[in-house]
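Enquirer: The following file, entry.cif, comprises mmCIF, C-alpha atoms (C1' of nucleotides):
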data_model
loop_
_atom_site.label_atom_id
_atom_site.label_comp_id
_atom_site.auth_asym_id
_atom_site.auth_seq_id
_atom_site.Cartn_x
_atom_site.Cartn_y
_atom_site.Cartn_z
CA MET A 1 56.23 89.40 69.20
CA THR A 2 55.55 86.64 71.69
CA SER A 3 57.13 83.63 69.96
CA PRO A 4 54.92 81.04 71.63
CA GLY A 5 57.18 78.20 70.51
CA HIS A 6 54.42 76.11 69.02
CA PRO A 7 55.49 72.52 68.31
CA GLU A 8 54.62 71.02 64.95
CA GLU A 9 53.66 67.45 65.74
CA THR A 10 50.82 67.55 63.22
CA THR A 11 50.95 66.76 59.48
CA PRO A 12 53.11 63.64 59.75
CA ALA A 13 53.31 62.21 56.23
CA SER A 14 50.62 64.00 54.26
CA PRO A 15 51.25 65.18 50.70
CA PRO A 16 53.39 68.22 51.41
CA VAL A 17 52.31 70.40 48.54
CA VAL A 18 48.87 71.69 47.72
CA PRO A 19 49.18 73.88 44.67
CA PRO A 20 48.25 77.41 45.63
CA TYR A 21 45.28 78.84 43.78
CA ASP A 22 44.44 82.44 43.41
CA VAL A 23 40.88 83.31 44.32
CA TYR A 24 41.31 86.44 46.31
CA CYS A 25 40.18 89.04 43.88
CA GLU A 26 36.46 89.27 43.31
CA ALA A 27 36.71 89.19 39.53
CA CYS A 28 39.42 86.62 38.86
CA PRO A 29 38.56 83.56 36.73
CA THR A 30 38.83 81.00 39.46
CA ARG A 31 36.51 82.90 41.70
CA LEU A 32 33.86 83.10 39.02
CA VAL A 33 33.88 79.37 38.44
CA LEU A 34 33.87 78.55 42.12
CA ASP A 35 30.95 80.86 42.67
CA ARG A 36 29.09 78.98 39.99
CA LEU A 37 29.79 75.65 41.67
CA ALA A 38 28.52 77.15 44.89
CA ASP A 39 25.08 76.42 43.48
CA LYS A 40 24.32 72.87 44.45
CA TRP A 41 21.87 72.39 41.59
CA VAL A 42 24.67 73.05 39.14
CA VAL A 43 26.52 70.05 40.45
CA LEU A 44 23.45 67.86 40.29
CA ILE A 45 22.50 68.94 36.78
CA LEU A 46 25.98 68.54 35.36
CA GLY A 47 26.28 65.13 36.94
CA ARG A 48 23.01 64.08 35.40
CA LEU A 49 23.64 65.43 31.93
CA ALA A 50 27.11 63.93 31.94
CA LEU A 51 25.39 60.55 31.73
CA ARG A 52 23.04 61.35 28.86
CA PRO A 53 21.06 64.18 27.27
CA MET A 54 17.75 64.87 28.93
CA ARG A 55 14.59 66.88 28.52
CA PHE A 56 13.40 69.54 30.88
CA ASN A 57 10.75 67.69 32.84
CA GLN A 58 12.86 64.58 32.78
CA LEU A 59 15.57 66.48 34.65
CA ARG A 60 12.97 67.95 36.92
CA ARG A 61 11.67 64.56 37.94
CA ASP A 62 15.14 63.11 38.16
CA ILE A 63 16.53 65.75 40.47
CA GLN A 64 14.14 65.58 43.36
CA GLY A 65 13.41 68.84 45.07
CA VAL A 66 14.29 71.37 42.41
CA SER A 67 11.56 73.83 41.48
CA GLN A 68 10.67 74.73 37.93
CA LYS A 69 11.96 78.24 38.35
CA VAL A 70 15.32 77.32 39.79
CA LEU A 71 15.88 74.54 37.29
CA SER A 72 15.14 76.95 34.47
CA GLN A 73 17.43 79.62 35.88
CA THR A 74 20.25 77.19 36.46
CA LEU A 75 20.02 75.62 33.04
CA LYS A 76 20.15 79.06 31.50
CA LYS A 77 23.27 80.01 33.43
CA LEU A 78 24.99 76.78 32.46
CA GLU A 79 24.04 77.25 28.83
CA ARG A 80 25.41 80.76 28.96
CA ASP A 81 28.68 79.44 30.33
CA GLY A 82 28.92 76.98 27.47
CA LEU A 83 28.75 74.01 29.81
CA LEU A 84 25.61 72.58 28.32
CA HIS A 85 23.69 72.82 25.11
CA ARG A 86 19.99 73.45 24.57
CA ARG A 87 18.14 72.25 21.50
CA ALA A 88 14.50 73.06 20.89
CA PHE A 89 12.41 71.05 18.45
CA ALA A 90 9.31 72.64 17.00
CA THR A 91 7.13 69.67 17.71
CA VAL A 92 3.49 70.11 18.60
CA PRO A 93 4.17 70.36 22.26
CA VAL A 94 7.60 71.90 22.09
CA THR A 95 10.44 69.51 22.88
CA VAL A 96 13.69 70.68 24.43
CA GLU A 97 16.76 68.58 24.94
CA TYR A 98 19.66 69.53 27.15
CA SER A 99 23.04 67.91 26.70
CA ILE A 100 26.44 68.47 28.22
CA THR A 101 29.14 70.03 26.06
CA PRO A 102 32.73 68.78 25.81
CA LEU A 103 33.69 71.73 27.97
CA GLY A 104 31.08 70.80 30.53
CA GLU A 105 32.31 67.24 30.53
CA THR A 106 35.79 68.27 31.57
CA LEU A 107 34.35 70.18 34.50
CA ALA A 108 32.01 67.35 35.44
CA ALA A 109 35.04 65.10 35.64
CA ARG A 110 36.62 67.40 38.23
CA ILE A 111 33.39 67.50 40.17
CA ALA A 112 33.28 63.73 40.13
CA GLU A 113 36.71 63.81 41.78
CA ILE A 114 35.28 65.84 44.62
CA ALA A 115 32.40 63.40 44.88
CA ARG A 116 34.84 60.51 45.07
CA TRP A 117 36.74 62.34 47.81
CA ALA A 118 33.50 62.69 49.71
CA GLU A 119 32.75 58.98 49.51
CA GLN A 120 36.26 58.06 50.59
CA HIS A 121 36.50 60.45 53.51
CA ILE A 122 32.97 60.84 54.77
CA GLU A 123 33.65 58.52 57.69
CA ALA A 124 36.65 60.53 58.81
CA VAL A 125 34.57 63.70 58.60
CA MET A 126 31.69 62.25 60.58
CA GLU A 127 34.08 60.86 63.16
CA ALA A 128 35.61 64.32 63.54
CA GLN A 129 32.14 65.79 63.95
CA ARG A 130 31.28 63.31 66.68
CA ARG A 131 34.42 64.13 68.59
CA TYR A 132 33.86 67.86 68.20
CA ASP A 133 30.27 67.63 69.36
CA ALA A 134 31.19 65.42 72.29
CA ALA A 135 33.87 67.87 73.40
CA GLY A 136 31.51 70.81 73.07
CA ALA A 137 28.64 69.14 74.93
CA ARG A 138 30.44 68.82 78.25
CA MET B 1 17.64 65.35 14.95
CA THR B 2 19.80 62.54 16.16
CA SER B 3 23.45 62.08 15.34
CA PRO B 4 24.18 65.77 15.08
CA GLY B 5 27.82 64.96 14.50
CA HIS B 6 28.99 67.69 16.78
CA PRO B 7 32.59 68.56 16.02
CA GLU B 8 34.97 68.22 18.89
CA GLU B 9 37.57 70.77 18.08
CA THR B 10 37.67 71.50 21.81
CA THR B 11 38.91 69.09 24.46
CA PRO B 12 41.51 67.37 22.31
CA ALA B 13 42.28 64.50 24.64
CA SER B 14 39.73 64.80 27.43
CA PRO B 15 38.64 61.68 29.31
CA PRO B 16 35.56 60.47 27.42
CA VAL B 17 33.81 59.10 30.48
CA VAL B 18 32.64 61.09 33.44
CA PRO B 19 32.18 58.74 36.36
CA PRO B 20 28.63 58.98 37.67
CA TYR B 21 28.35 60.30 41.18
CA ASP B 22 25.45 59.84 43.48
CA VAL B 23 24.20 63.03 45.04
CA TYR B 24 20.49 62.66 44.66
CA CYS B 25 19.52 61.80 48.18
CA GLU B 26 19.54 64.67 50.62
CA ALA B 27 21.56 62.84 53.26
CA CYS B 28 24.17 60.96 51.26
CA PRO B 29 27.87 61.61 51.98
CA THR B 30 28.65 63.28 48.71
CA ARG B 31 25.83 65.73 49.05
CA LEU B 32 26.99 66.75 52.50
CA VAL B 33 30.48 67.53 51.30
CA LEU B 34 29.27 69.38 48.23
CA ASP B 35 26.95 71.44 50.36
CA ARG B 36 29.93 72.39 52.46
CA LEU B 37 31.88 73.47 49.41
CA ALA B 38 28.88 75.49 48.35
CA ASP B 39 30.18 78.06 50.84
CA LYS B 40 32.68 80.12 48.93
CA TRP B 41 34.54 81.13 52.06
CA VAL B 42 35.32 77.49 52.74
CA VAL B 43 37.23 77.31 49.52
CA LEU B 44 39.11 80.50 50.24
CA ILE B 45 40.01 79.53 53.78
CA LEU B 46 41.17 76.04 52.88
CA GLY B 47 43.26 77.42 50.06
CA ARG B 48 44.89 79.89 52.39
CA LEU B 49 45.57 77.49 55.21
CA ALA B 50 46.93 74.93 52.79
CA LEU B 51 49.87 77.28 52.32
CA ARG B 52 50.64 77.87 55.98
CA PRO B 53 49.03 78.11 59.43
CA MET B 54 47.47 81.46 60.17
CA ARG B 55 45.90 83.43 62.98
CA PHE B 56 42.36 84.72 62.99
CA ASN B 57 42.85 88.34 62.07
CA GLN B 58 45.58 87.36 59.68
CA LEU B 59 43.04 85.29 57.76
CA ARG B 60 40.52 88.08 58.05
CA ARG B 61 42.88 90.58 56.46
CA ASP B 62 44.07 88.08 53.89
CA ILE B 63 40.64 87.12 52.66
CA GLN B 64 39.22 90.44 51.68
CA GLY B 65 35.52 90.88 52.23
CA VAL B 66 34.77 88.29 54.86
CA SER B 67 33.11 89.53 58.03
CA GLN B 68 34.21 88.58 61.50
CA LYS B 69 31.04 86.64 62.10
CA VAL B 70 31.12 84.62 58.93
CA LEU B 71 34.81 83.86 59.25
CA SER B 72 34.24 82.63 62.77
CA GLN B 73 31.28 80.49 61.74
CA THR B 74 33.09 79.00 58.79
CA LEU B 75 36.23 78.19 60.76
CA LYS B 76 34.11 76.44 63.34
CA LYS B 77 32.36 74.32 60.74
CA LEU B 78 35.66 73.35 59.15
CA GLU B 79 37.15 72.48 62.50
CA ARG B 80 34.10 70.37 63.27
CA ASP B 81 34.58 68.52 59.99
CA GLY B 82 38.18 67.78 60.89
CA LEU B 83 39.47 69.77 57.94
CA LEU B 84 41.41 72.24 60.01
CA HIS B 85 42.87 72.46 63.47
CA ARG B 86 42.55 75.22 66.04
CA ARG B 87 45.15 75.85 68.71
CA ALA B 88 44.76 78.49 71.38
CA PHE B 89 47.76 79.80 73.32
CA ALA B 90 47.18 81.41 76.69
CA THR B 91 49.26 84.44 75.91
CA VAL B 92 48.36 87.81 77.33
CA PRO B 93 46.17 88.74 74.40
CA VAL B 94 45.00 85.25 73.51
CA THR B 95 46.63 83.82 70.40
CA VAL B 96 44.85 81.34 68.14
CA GLU B 97 46.42 79.54 65.26
CA TYR B 98 44.50 77.74 62.55
CA SER B 99 46.19 75.09 60.46
CA ILE B 100 44.99 72.65 57.85
CA THR B 101 44.85 68.97 58.77
CA PRO B 102 46.11 66.13 56.58
CA LEU B 103 42.48 65.38 55.77
CA GLY B 104 41.89 68.99 54.82
CA GLU B 105 44.95 68.94 52.63
CA THR B 106 43.59 66.10 50.54
CA LEU B 107 40.41 68.05 49.94
CA ALA B 108 42.31 71.25 49.21
CA ALA B 109 44.19 69.36 46.53
CA ARG B 110 40.90 68.48 44.79
CA ILE B 111 39.74 72.05 45.08
CA ALA B 112 42.98 73.19 43.54
CA GLU B 113 42.13 70.95 40.58
CA ILE B 114 38.90 72.85 40.12
CA ALA B 115 40.80 76.11 40.36
CA ARG B 116 43.21 74.92 37.70
CA TRP B 117 40.27 73.98 35.49
CA ALA B 118 38.93 77.49 35.93
CA GLU B 119 42.20 79.08 34.88
CA GLN B 120 42.50 76.83 31.86
CA HIS B 121 38.95 77.24 30.61
CA ILE B 122 37.91 80.69 31.70
CA GLU B 123 38.41 82.06 28.21
CA ALA B 124 36.17 79.43 26.68
CA VAL B 125 33.52 80.22 29.28
CA MET B 126 33.70 83.95 28.71
CA GLU B 127 33.60 83.45 24.98
CA ALA B 128 30.46 81.34 25.38
CA GLN B 129 28.93 84.06 27.53
CA ARG B 130 29.64 86.70 24.94
CA ARG B 131 28.02 84.64 22.23
CA TYR B 132 25.02 83.89 24.41
CA ASP B 133 24.53 87.53 25.36
CA ALA B 134 24.95 88.69 21.77
CA ALA B 135 22.33 86.21 20.59
CA GLY B 136 19.92 87.25 23.34
CA ALA B 137 20.35 90.99 22.78
CA ARG B 138 19.00 91.04 19.23
"C1'" DC C 1 5.51 70.35 27.19
"C1'" DC C 2 8.43 74.25 28.39
"C1'" DG C 3 8.96 77.76 30.44
"C1'" DT C 4 8.04 82.98 32.57
"C1'" DA C 5 5.73 86.17 36.02
"C1'" DT C 6 4.22 87.20 40.48
"C1'" DC C 7 3.98 86.84 45.19
"C1'" DC C 8 5.71 85.49 49.51
"C1'" DT C 9 8.70 83.41 52.94
"C1'" DG C 10 12.90 81.96 55.33
"C1'" DT C 11 17.73 82.24 55.42
"C1'" DC C 12 21.72 84.41 55.94
"C1'" DA C 13 25.25 87.94 55.61
"C1'" DG C 14 26.65 92.76 57.11
"C1'" DA C 15 26.92 96.24 60.69
"C1'" DT C 16 27.47 97.27 65.25
"C1'" DA C 17 28.44 96.74 69.92
"C1'" DC C 18 30.20 94.13 73.69
"C1'" DT C 19 33.20 90.33 76.40
"C1'" DG C 20 37.40 87.55 77.84
"C1'" DC D 1 43.46 89.59 69.73
"C1'" DA D 2 39.65 86.55 69.14
"C1'" DG D 3 35.59 86.04 69.20
"C1'" DT D 4 29.90 86.38 70.63
"C1'" DA D 5 25.19 88.69 70.50
"C1'" DT D 6 21.58 91.10 68.36
"C1'" DC D 7 19.22 93.47 64.80
"C1'" DT D 8 18.12 94.32 60.07
"C1'" DG D 9 17.85 94.17 55.11
"C1'" DA D 10 18.64 91.79 50.86
"C1'" DC D 11 17.96 88.09 48.22
"C1'" DA D 12 17.43 83.15 46.97
"C1'" DG D 13 14.13 80.02 46.30
"C1'" DG D 14 9.22 77.63 46.84
"C1'" DA D 15 4.30 77.82 45.39
"C1'" DT D 16 1.16 79.12 42.19
"C1'" DA D 17 -0.78 80.70 38.04
"C1'" DC D 18 -0.47 81.80 33.47
"C1'" DG D 19 1.48 82.06 28.36
"C1'" DG D 20 4.01 80.21 24.05
#
Starting from the coordinates I provided, produce the structure as structure tokens.

Expert:
Amino acid sequence: MTSPGHPEETTPASPPVVPPYDVYCEACPTRLVLDRLADKWVVLILGRLALRPMRFNQLRRDIQGVSQKVLSQTLKKLERDGLLHRRAFATVPVTVEYSITPLGETLAARIAEIARWAEQHIEAVMEAQRRYDAAGAR
Amino acid sequence: MTSPGHPEETTPASPPVVPPYDVYCEACPTRLVLDRLADKWVVLILGRLALRPMRFNQLRRDIQGVSQKVLSQTLKKLERDGLLHRRAFATVPVTVEYSITPLGETLAARIAEIARWAEQHIEAVMEAQRRYDAAGAR
DNA sequence: CCGTATCCTGTCAGATACTG
DNA sequence: CAGTATCTGACAGGATACGG
């Protein structure tokens, strides 16, 4: 081939190893979970229920912008995955309480790590965006 | 109703507290990053480039199922965010190499944590799904 | 109060063809 | 090889209304 002789001045002292993860088959476990997290409401709901159990309309009010339909769908998916628990009480107007499961808590903890990363590095990201946009504008 | 005394036979030594994260305004840093991760291709590309630098069509072949257009769009977004680096060599057929940046590596490490969670807990999730589906089918 | 059903709209990914 | 441009269809999700 051409052997362009590219120098490697980048990556000075960054953590050298990022554990490889296998997500390249459509049906592998990792892929399934990542696809679930691709739903932003999932992240919001898990984060909320990680703090305390909540009722349906309470969640709805709390998470601004989610529609009844989507909230319902998402809660059902998460219940199916065993990440949260649904309890219905046969009160006069029916009362439903959603709570996070131990399994869901362990995932929420990982998500919180991502959130922390975001807070720590958002400035670097926005700085990069500014530079990119400035370079593209000329 | 209260104090259900739910047994915790799962999660033997999981961290009891999930740090709250703030993603409930549309424009806050965390939300922006999570929205970016909501793109499944982002996760696949970062995971791939975390292993080694790659060329465009190399990535395309490696990540089965991604279209030229979407790969191009996604790479551009990630470059804009400063998560990966693009180098073009003026060879006869132009050669472009994408590599992960130190910043991108730190994020890829967090993503790998999620992937590891998926591998560890996929059985519990699938078991929960089976139970849910069985209960719903009758 | 807690959802489901229906309609309707915008978004976005795939296919295809073309350029440097 | 490394993209860009355009068209099109599928599908997610909002609004609304209704049922348990």

Enquirer: Would you mind listing what lies within 7 Å of region 111-116 of chain A as a list in words, with all atoms listed in the file counted and same-chain residues fewer than 5 positions away left out?

Expert: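 My reading of the contact set: Pro19, Tyr21, Thr30 and Arg110 of chain B.
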
Enquirer: Matching each Cα of chain B to the same-order Cα of chain A and superposing by least squares, what RMSD do you find?

Expert: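 Computed value for the CA RMSD is 2.9 Å.
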
Enquirer: Taking only C-alpha atoms (C1' of nucleotides) into account, report as a list in words which residues of chain C lie within 12 Å of chain B.

Expert: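 Interface list for chain C against chain B: DC12, DA13, DG14, DA15, DT16 and DG20 of chain C.
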
Enquirer: Taking all atoms listed in the file into account, name the residue in B:Leu32, B:Leu71, B:Ile45, B:Ala38 that is nearest to chain A.

Expert: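 Result for the nearest residue to chain A: B:Ala38.
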
Enquirer: For a test of reading the model, state the distance in Å between CA of Cys28 (chain A) and CA of Gly47 (chain B), rounded to one decimal.

Expert: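 Spanning CA of Cys28 (chain A) to CA of Gly47 (chain B) is a straight-line distance of 15.0 Å.
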
Enquirer: Skip DC18 (chain C) itself and residues of its chain fewer than 4 positions away, then list as a list in words all residues within 12 Å of it, counting all atoms listed in the file.

Expert: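 The contact residues come out as DG3, DT4, DA5 and DT6 of chain D.
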
Enquirer: Given the file above and the PyMOL selection byres ((chain D) within 12 of (chain A)), which residues are selected, and can you give them as a PyMOL selection string?

Expert: chain D and resi 12-16+20

Enquirer: One number please: CA of Phe89 (chain A) to CA of Leu46 (chain A), in Å, one decimal.

Expert: 21.8 Å

Enquirer: Mind telling me what the PyMOL selection byres ((chain A) within 7 of (chain B)) catches here, as a ChimeraX atom specification?

Expert: /A:11,14,18-21,23-24,29-30,33,35,37-40,44,47,50-51,63,80-82,102-103,105-106,108-110,112-115,118-119,122,125-126,128-129,132

Enquirer: Do you have the CA of Leu59 (chain B)-CA of Gly136 (chain A) distance handy?

Expert: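 Straight-line distance from CA of Leu59 (chain B) to CA of Gly136 (chain A) works out to 24.0 Å.
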
Enquirer: Evaluate the PyMOL selection byres ((chain D and resi 19) around 10) against this structure - the residues, as a count of residues only, please.

Expert: 5

Enquirer: Using all atoms listed in the file for the distances, tell me which of A:Ala135, A:Ala88, A:Leu75, A:Met54 is nearest to Trp41 (chain A).

Expert: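 Looking only at the distances to Trp41 (chain A), the closest residue turns out to be A:Leu75.
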
Enquirer: Using all atoms listed in the file, can you tell me which of B:Val42, B:Gln58, B:Arg52, B:Arg86 comes closest to DC1 (chain D)?

Expert: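 Of B:Val42, B:Gln58, B:Arg52, B:Arg86, the one nearest DC1 (chain D) is B:Gln58, counting all atoms listed in the file.
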